[in-house]
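Read through the structure below, which is laid out as structure tokens, and then see the notes.
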Amino acid sequence: MTLARKILWALLALVVMAGGFALWLVHNARAMPVVRRAEIALPFPADAPRKPVTLALLTDTHLSGPDNSPARMGRIVAQINALKPDLILLGGDYIGDDKGGATYDARASIAAFASLRAPLGVVAVLGNHDSRSKRNRRALSGPDWRAAFARIGITLLQDGAVRRGPLAIGGLKDIYTRKVDMADTLAAMARIGGAPVILSHGPDVFPLLPDAPSLTLVGHTHCGQVALPFAGIVYVPSKYGTRYACGLYREDGKTMIVAAGVGTSGLPVRMLAPPDIWLVTIRPR
């Protein structure tokens, strides 16, 4: 075999390997989410039953192809319903990027959530991809988002609070594109009473919360989306860098869970950061 032919075959092998690696990354992004579990103790109201409450956190669906589709979202909704949570929380970023596949408008991006089932209902917040601006015309205005969620039986919170069983759920606006009214939201939670659970799109709200027992549930980071062997997660879109990149965090009396979400942003790939759903059991302290 001549040297030129050897080089040609080597280049061909590299192309095949690179193509296979790229397909593997897309396959990872299209995989069904893993279910992560946690148990948290919070102070229940005195008049509440002492029975634990389970909640499912689904975030960063980013409905667009080639990695996510209405069919895949239907399977994920069925997966969550099979877990039989008492409450389902949605953490924002429903609208997907144009990644070379199908794209969907705002209402289509949340259509699959109409089939979610939980005794205490479904509560949602918005993410940065859901904030309407001159550069993001597919997003809806705040009132239109609220109406769109209401039509499918979901409560959308934007710096507001709602009582669900023994829990006081405080839902914040997206901290990356809007000004969050933390004080009013916490005051609303205190008025309705209940074990404090804060739902937000991203982890940057966590250091702003008081050092008191509470659970904060967020997404936004995608757990890095692509984590490197040995180096791990090297970048997340947060002012705190990788400090709150993925998983469970405890600081003083408060706890936060950062989910990887189930969709992708930018490129339709994942590596060492699989899509996930969290099932959290909250027990009375």
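Letters A, B, ... go to the chains of the structure tokens in the order shown; residues in each chain start at 1; ligands are counted from 1 in the same order.
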* **Shell around A:Thr185 at 6 Å using only C-alpha atoms, local window under 2 positions removed, as an MDAnalysis selection string** => chainID A and resid 159:160 182:183 187:188
Residues as selected, C-alpha atoms, written as an mmCIF file, in the first residue's frame, can you do that?
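Below is the file that was written, selection.cif:
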```cif
data_model
loop_
_atom_site.group_PDB
_atom_site.id
_atom_site.type_symbol
_atom_site.label_atom_id
_atom_site.label_comp_id
_atom_site.auth_asym_id
_atom_site.auth_seq_id
_atom_site.Cartn_x
_atom_site.Cartn_y
_atom_site.Cartn_z
ATOM 1 C CA ASP A 159 -43.246 36.687 41.528
ATOM 2 C CA GLY A 160 -46.248 35.148 43.255
ATOM 3 C CA MET A 182 -37.855 38.528 45.860
ATOM 4 C CA ALA A 183 -39.192 40.440 48.866
ATOM 5 C CA ALA A 187 -43.922 37.930 51.826
ATOM 6 C CA ALA A 188 -46.693 36.291 49.793
#
```
Within 6 Å of stretch 259-277 of chain A, which residues of stretch 20-132 of chain A come that close, and what is the closest atom pair and distance in Å for each? Count only C-alpha atoms and give it as a Markdown table.
```
| residue | atom | partner | partner_atom | distance |
| --- | --- | --- | --- | --- |
| A:Leu25 | CA | A:Val269 | CA | 4.8 |
| A:Val26 | CA | A:Val269 | CA | 4.6 |
| A:Asn28 | CA | A:Arg270 | CA | 5.5 |
| A:Ala29 | CA | A:Arg270 | CA | 5.0 |
| A:Pro33 | CA | A:Asp276 | CA | 4.3 |
| A:Val34 | CA | A:Asp276 | CA | 4.7 |
| A:Val35 | CA | A:Ile277 | CA | 4.9 |
| A:Leu57 | CA | A:Ile277 | CA | 5.9 |
| A:Leu58 | CA | A:Ile277 | CA | 5.6 |
| A:Thr59 | CA | A:Gly261 | CA | 4.7 |
| A:Asp60 | CA | A:Gly261 | CA | 4.7 |
| A:Thr61 | CA | A:Gly263 | CA | 4.5 |
| A:His62 | CA | A:Gly263 | CA | 5.0 |
| A:Asp67 | CA | A:Pro268 | CA | 5.7 |
```
* Rank A:Ile175, A:Leu8, A:Leu42, A:Leu116 by their smallest atom-to-atom distance to A:Pro237, using only C-alpha atoms, and report the top residue only. =>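 Answer, going by the shortest atom-to-atom distance: A:Ile175.
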DSSP-assigned strand (DSSP E or B) among stretch 145-267 of chain A, expressed as a compact mmCIF listing (two decimals) with N, CA and C atoms, in the first residue's frame:
```txt
# COMPACT_ATOMS: atom_id res chain seq x y z
N THR A 155 -50.99 26.47 36.69
CA THR A 155 -50.82 27.78 37.32
C THR A 155 -49.43 28.32 37.01
N LEU A 156 -49.38 29.49 36.38
CA LEU A 156 -48.10 30.15 36.11
C LEU A 156 -47.86 31.22 37.16
N GLY A 160 -45.02 35.39 42.51
CA GLY A 160 -46.25 35.15 43.26
C GLY A 160 -46.15 33.85 44.02
N ALA A 161 -47.18 33.55 44.79
CA ALA A 161 -47.16 32.35 45.64
C ALA A 161 -48.52 31.67 45.62
N VAL A 162 -48.50 30.37 45.85
CA VAL A 162 -49.73 29.59 45.91
C VAL A 162 -49.52 28.45 46.91
N ARG A 163 -50.56 28.10 47.62
CA ARG A 163 -50.50 26.99 48.59
C ARG A 163 -50.91 25.70 47.89
N ARG A 164 -50.09 24.67 48.06
CA ARG A 164 -50.40 23.34 47.53
C ARG A 164 -50.15 22.33 48.63
N LEU A 167 -47.40 22.83 51.35
CA LEU A 167 -46.31 23.60 50.78
C LEU A 167 -46.77 24.99 50.35
N ALA A 168 -45.92 25.98 50.60
CA ALA A 168 -46.10 27.32 50.04
C ALA A 168 -45.14 27.45 48.87
N ILE A 169 -45.67 27.46 47.66
CA ILE A 169 -44.85 27.51 46.45
C ILE A 169 -44.70 28.97 46.03
N GLY A 170 -43.47 29.45 45.99
CA GLY A 170 -43.17 30.78 45.49
C GLY A 170 -42.51 30.68 44.13
N GLY A 171 -43.13 31.27 43.12
CA GLY A 171 -42.59 31.22 41.76
C GLY A 171 -42.03 32.57 41.35
N ALA A 195 -44.72 24.98 54.17
CA ALA A 195 -43.30 24.70 54.03
C ALA A 195 -42.80 25.41 52.77
N PRO A 196 -41.74 26.23 52.86
CA PRO A 196 -41.35 27.09 51.75
C PRO A 196 -40.60 26.37 50.64
N VAL A 197 -41.17 26.43 49.43
CA VAL A 197 -40.53 25.87 48.23
C VAL A 197 -40.49 26.98 47.18
N ILE A 198 -39.28 27.32 46.73
CA ILE A 198 -39.10 28.38 45.73
C ILE A 198 -38.82 27.73 44.38
N LEU A 199 -39.61 28.10 43.38
CA LEU A 199 -39.43 27.62 42.02
C LEU A 199 -38.90 28.76 41.17
N SER A 214 -35.63 26.16 53.60
CA SER A 214 -36.42 26.27 52.37
C SER A 214 -35.81 25.34 51.33
N LEU A 215 -36.59 25.05 50.31
CA LEU A 215 -36.12 24.25 49.17
C LEU A 215 -36.30 25.08 47.91
N THR A 216 -35.22 25.25 47.14
CA THR A 216 -35.28 25.96 45.87
C THR A 216 -35.05 24.96 44.74
N LEU A 217 -35.89 25.03 43.71
CA LEU A 217 -35.82 24.11 42.58
C LEU A 217 -35.60 24.90 41.30
N VAL A 218 -34.53 24.56 40.55
CA VAL A 218 -34.17 25.33 39.37
C VAL A 218 -33.63 24.40 38.28
N VAL A 226 -22.48 19.62 28.13
CA VAL A 226 -21.31 18.83 27.74
C VAL A 226 -20.28 18.94 28.86
N LEU A 228 -16.68 17.40 30.44
CA LEU A 228 -15.49 16.75 29.92
C LEU A 228 -14.97 15.69 30.88
N GLY A 232 -14.76 17.58 34.05
CA GLY A 232 -16.15 17.77 34.47
C GLY A 232 -16.80 18.96 33.78
N GLY A 247 -27.08 19.43 40.54
CA GLY A 247 -27.28 18.57 41.69
C GLY A 247 -27.83 19.28 42.90
N LEU A 248 -27.50 18.76 44.08
CA LEU A 248 -28.08 19.22 45.34
C LEU A 248 -27.07 20.04 46.12
N TYR A 249 -27.53 21.19 46.63
CA TYR A 249 -26.67 22.10 47.40
C TYR A 249 -27.35 22.45 48.71
N ARG A 250 -26.55 22.50 49.77
CA ARG A 250 -27.04 22.94 51.07
C ARG A 250 -26.13 24.04 51.59
N GLU A 251 -26.72 25.17 51.94
CA GLU A 251 -25.97 26.28 52.52
C GLU A 251 -26.77 26.80 53.70
N LYS A 254 -30.77 26.42 54.07
CA LYS A 254 -31.52 26.29 52.81
C LYS A 254 -30.90 25.24 51.89
N THR A 255 -31.75 24.71 51.02
CA THR A 255 -31.36 23.64 50.10
C THR A 255 -31.77 24.02 48.69
N MET A 256 -30.96 23.63 47.70
CA MET A 256 -31.32 23.86 46.30
C MET A 256 -31.00 22.62 45.48
N ILE A 257 -31.89 22.33 44.53
CA ILE A 257 -31.67 21.28 43.54
C ILE A 257 -31.60 21.93 42.17
N VAL A 258 -30.50 21.65 41.45
CA VAL A 258 -30.30 22.15 40.08
C VAL A 258 -30.43 20.97 39.12
```
* Counting only C-alpha atoms, figure out which residue out of A:Leu55, A:Phe149, A:Ser69, A:Asp98 gets nearest to A:Asp86. =>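 Nearest to A:Asp86: A:Leu55.
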* Asked: Which residue, A:Pro213, A:Gly193, A:Gly127, A:Pro229, has the smallest gap to A:Gly165 when you use only C-alpha atoms?
  ->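 Among the listed residues, the smallest separation from A:Gly165 belongs to A:Gly193.
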* Find, counting only C-alpha atoms, the residue in A:Pro49, A:Gly74, A:Gly91, A:Pro166 that gets nearest to A:Gly219. =>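 Of A:Pro49, A:Gly74, A:Gly91, A:Pro166, the one nearest A:Gly219, counting only C-alpha atoms, is A:Gly91.
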* Polymer residues at most 10 Å from A:Asp204, only C-alpha atoms, same-chain spacing of 3 or more positions, as a list of chain:residue names ->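 Here the qualifying residues turn out to be A:Asp174, A:Ile175, A:Tyr176, A:Ser200, A:His201, A:Pro207, A:Leu208, A:Leu209, A:Val218, A:His220, A:Pro237, A:Ser238, A:Lys239, A:Tyr240, A:Gly241, A:Arg243, A:Tyr244.
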Output file for the selection above: N, CA and C atoms, as a PDB file, in the first residue's frame:
```pdb
ATOM      1  N   ASP A 174     -37.962  35.116  35.659  1.00  0.00           N
ATOM      2  CA  ASP A 174     -36.627  34.716  35.226  1.00  0.00           C
ATOM      3  C   ASP A 174     -35.608  35.784  35.598  1.00  0.00           C
ATOM      4  N   ILE A 175     -34.620  35.398  36.387  1.00  0.00           N
ATOM      5  CA  ILE A 175     -33.647  36.359  36.910  1.00  0.00           C
ATOM      6  C   ILE A 175     -32.687  36.862  35.835  1.00  0.00           C
ATOM      7  N   TYR A 176     -32.596  36.159  34.702  1.00  0.00           N
ATOM      8  CA  TYR A 176     -31.636  36.529  33.664  1.00  0.00           C
ATOM      9  C   TYR A 176     -32.194  37.556  32.671  1.00  0.00           C
ATOM     10  N   SER A 200     -37.752  28.547  40.548  1.00  0.00           N
ATOM     11  CA  SER A 200     -37.138  29.580  39.716  1.00  0.00           C
ATOM     12  C   SER A 200     -36.469  28.911  38.526  1.00  0.00           C
ATOM     13  N   HIS A 201     -36.176  29.704  37.500  1.00  0.00           N
ATOM     14  CA  HIS A 201     -35.546  29.083  36.338  1.00  0.00           C
ATOM     15  C   HIS A 201     -34.089  28.736  36.582  1.00  0.00           C
ATOM     16  N   PRO A 207     -28.271  32.521  46.286  1.00  0.00           N
ATOM     17  CA  PRO A 207     -27.558  33.332  47.282  1.00  0.00           C
ATOM     18  C   PRO A 207     -28.371  34.521  47.791  1.00  0.00           C
ATOM     19  N   LEU A 208     -29.431  34.899  47.090  1.00  0.00           N
ATOM     20  CA  LEU A 208     -30.244  36.046  47.494  1.00  0.00           C
ATOM     21  C   LEU A 208     -31.292  35.678  48.533  1.00  0.00           C
ATOM     22  N   LEU A 209     -31.508  34.386  48.745  1.00  0.00           N
ATOM     23  CA  LEU A 209     -32.540  33.939  49.670  1.00  0.00           C
ATOM     24  C   LEU A 209     -32.043  34.008  51.111  1.00  0.00           C
ATOM     25  N   VAL A 218     -34.535  24.561  40.553  1.00  0.00           N
ATOM     26  CA  VAL A 218     -34.166  25.327  39.368  1.00  0.00           C
ATOM     27  C   VAL A 218     -33.634  24.401  38.276  1.00  0.00           C
ATOM     28  N   HIS A 220     -31.870  25.541  34.095  1.00  0.00           N
ATOM     29  CA  HIS A 220     -31.095  26.540  33.358  1.00  0.00           C
ATOM     30  C   HIS A 220     -29.688  26.088  32.994  1.00  0.00           C
ATOM     31  N   PRO A 237     -24.195  29.026  32.211  1.00  0.00           N
ATOM     32  CA  PRO A 237     -24.540  30.438  32.066  1.00  0.00           C
ATOM     33  C   PRO A 237     -25.046  31.045  33.380  1.00  0.00           C
ATOM     34  N   SER A 238     -24.119  31.320  34.285  1.00  0.00           N
ATOM     35  CA  SER A 238     -24.450  31.856  35.600  1.00  0.00           C
ATOM     36  C   SER A 238     -23.364  32.825  36.033  1.00  0.00           C
ATOM     37  N   LYS A 239     -23.758  33.872  36.748  1.00  0.00           N
ATOM     38  CA  LYS A 239     -22.767  34.815  37.266  1.00  0.00           C
ATOM     39  C   LYS A 239     -21.859  34.178  38.304  1.00  0.00           C
ATOM     40  N   TYR A 240     -22.268  33.031  38.825  1.00  0.00           N
ATOM     41  CA  TYR A 240     -21.465  32.316  39.815  1.00  0.00           C
ATOM     42  C   TYR A 240     -20.607  31.222  39.189  1.00  0.00           C
ATOM     43  N   GLY A 241     -20.497  31.229  37.880  1.00  0.00           N
ATOM     44  CA  GLY A 241     -19.701  30.209  37.210  1.00  0.00           C
ATOM     45  C   GLY A 241     -20.270  28.823  37.446  1.00  0.00           C
ATOM     46  N   ARG A 243     -20.274  27.229  40.276  1.00  0.00           N
ATOM     47  CA  ARG A 243     -20.531  27.022  41.707  1.00  0.00           C
ATOM     48  C   ARG A 243     -21.828  26.249  41.941  1.00  0.00           C
ATOM     49  N   TYR A 244     -22.858  26.551  41.146  1.00  0.00           N
ATOM     50  CA  TYR A 244     -24.142  25.862  41.277  1.00  0.00           C
ATOM     51  C   TYR A 244     -24.480  25.180  39.952  1.00  0.00           C
TER      52      TYR A 244
END
```
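Within the 12 Å cut-off around A:Arg75, using only C-alpha atoms and omitting residues fewer than 4 positions from it on the same chain, the listed residues are Arg30, Ala31, Met32, Pro33, Asn68, Ser69, Pro70, Ala71, Gln79, Ile80, Asn81, Ala82, Ala112, Phe113, Ser115, Leu116 and Val262 of chain A.
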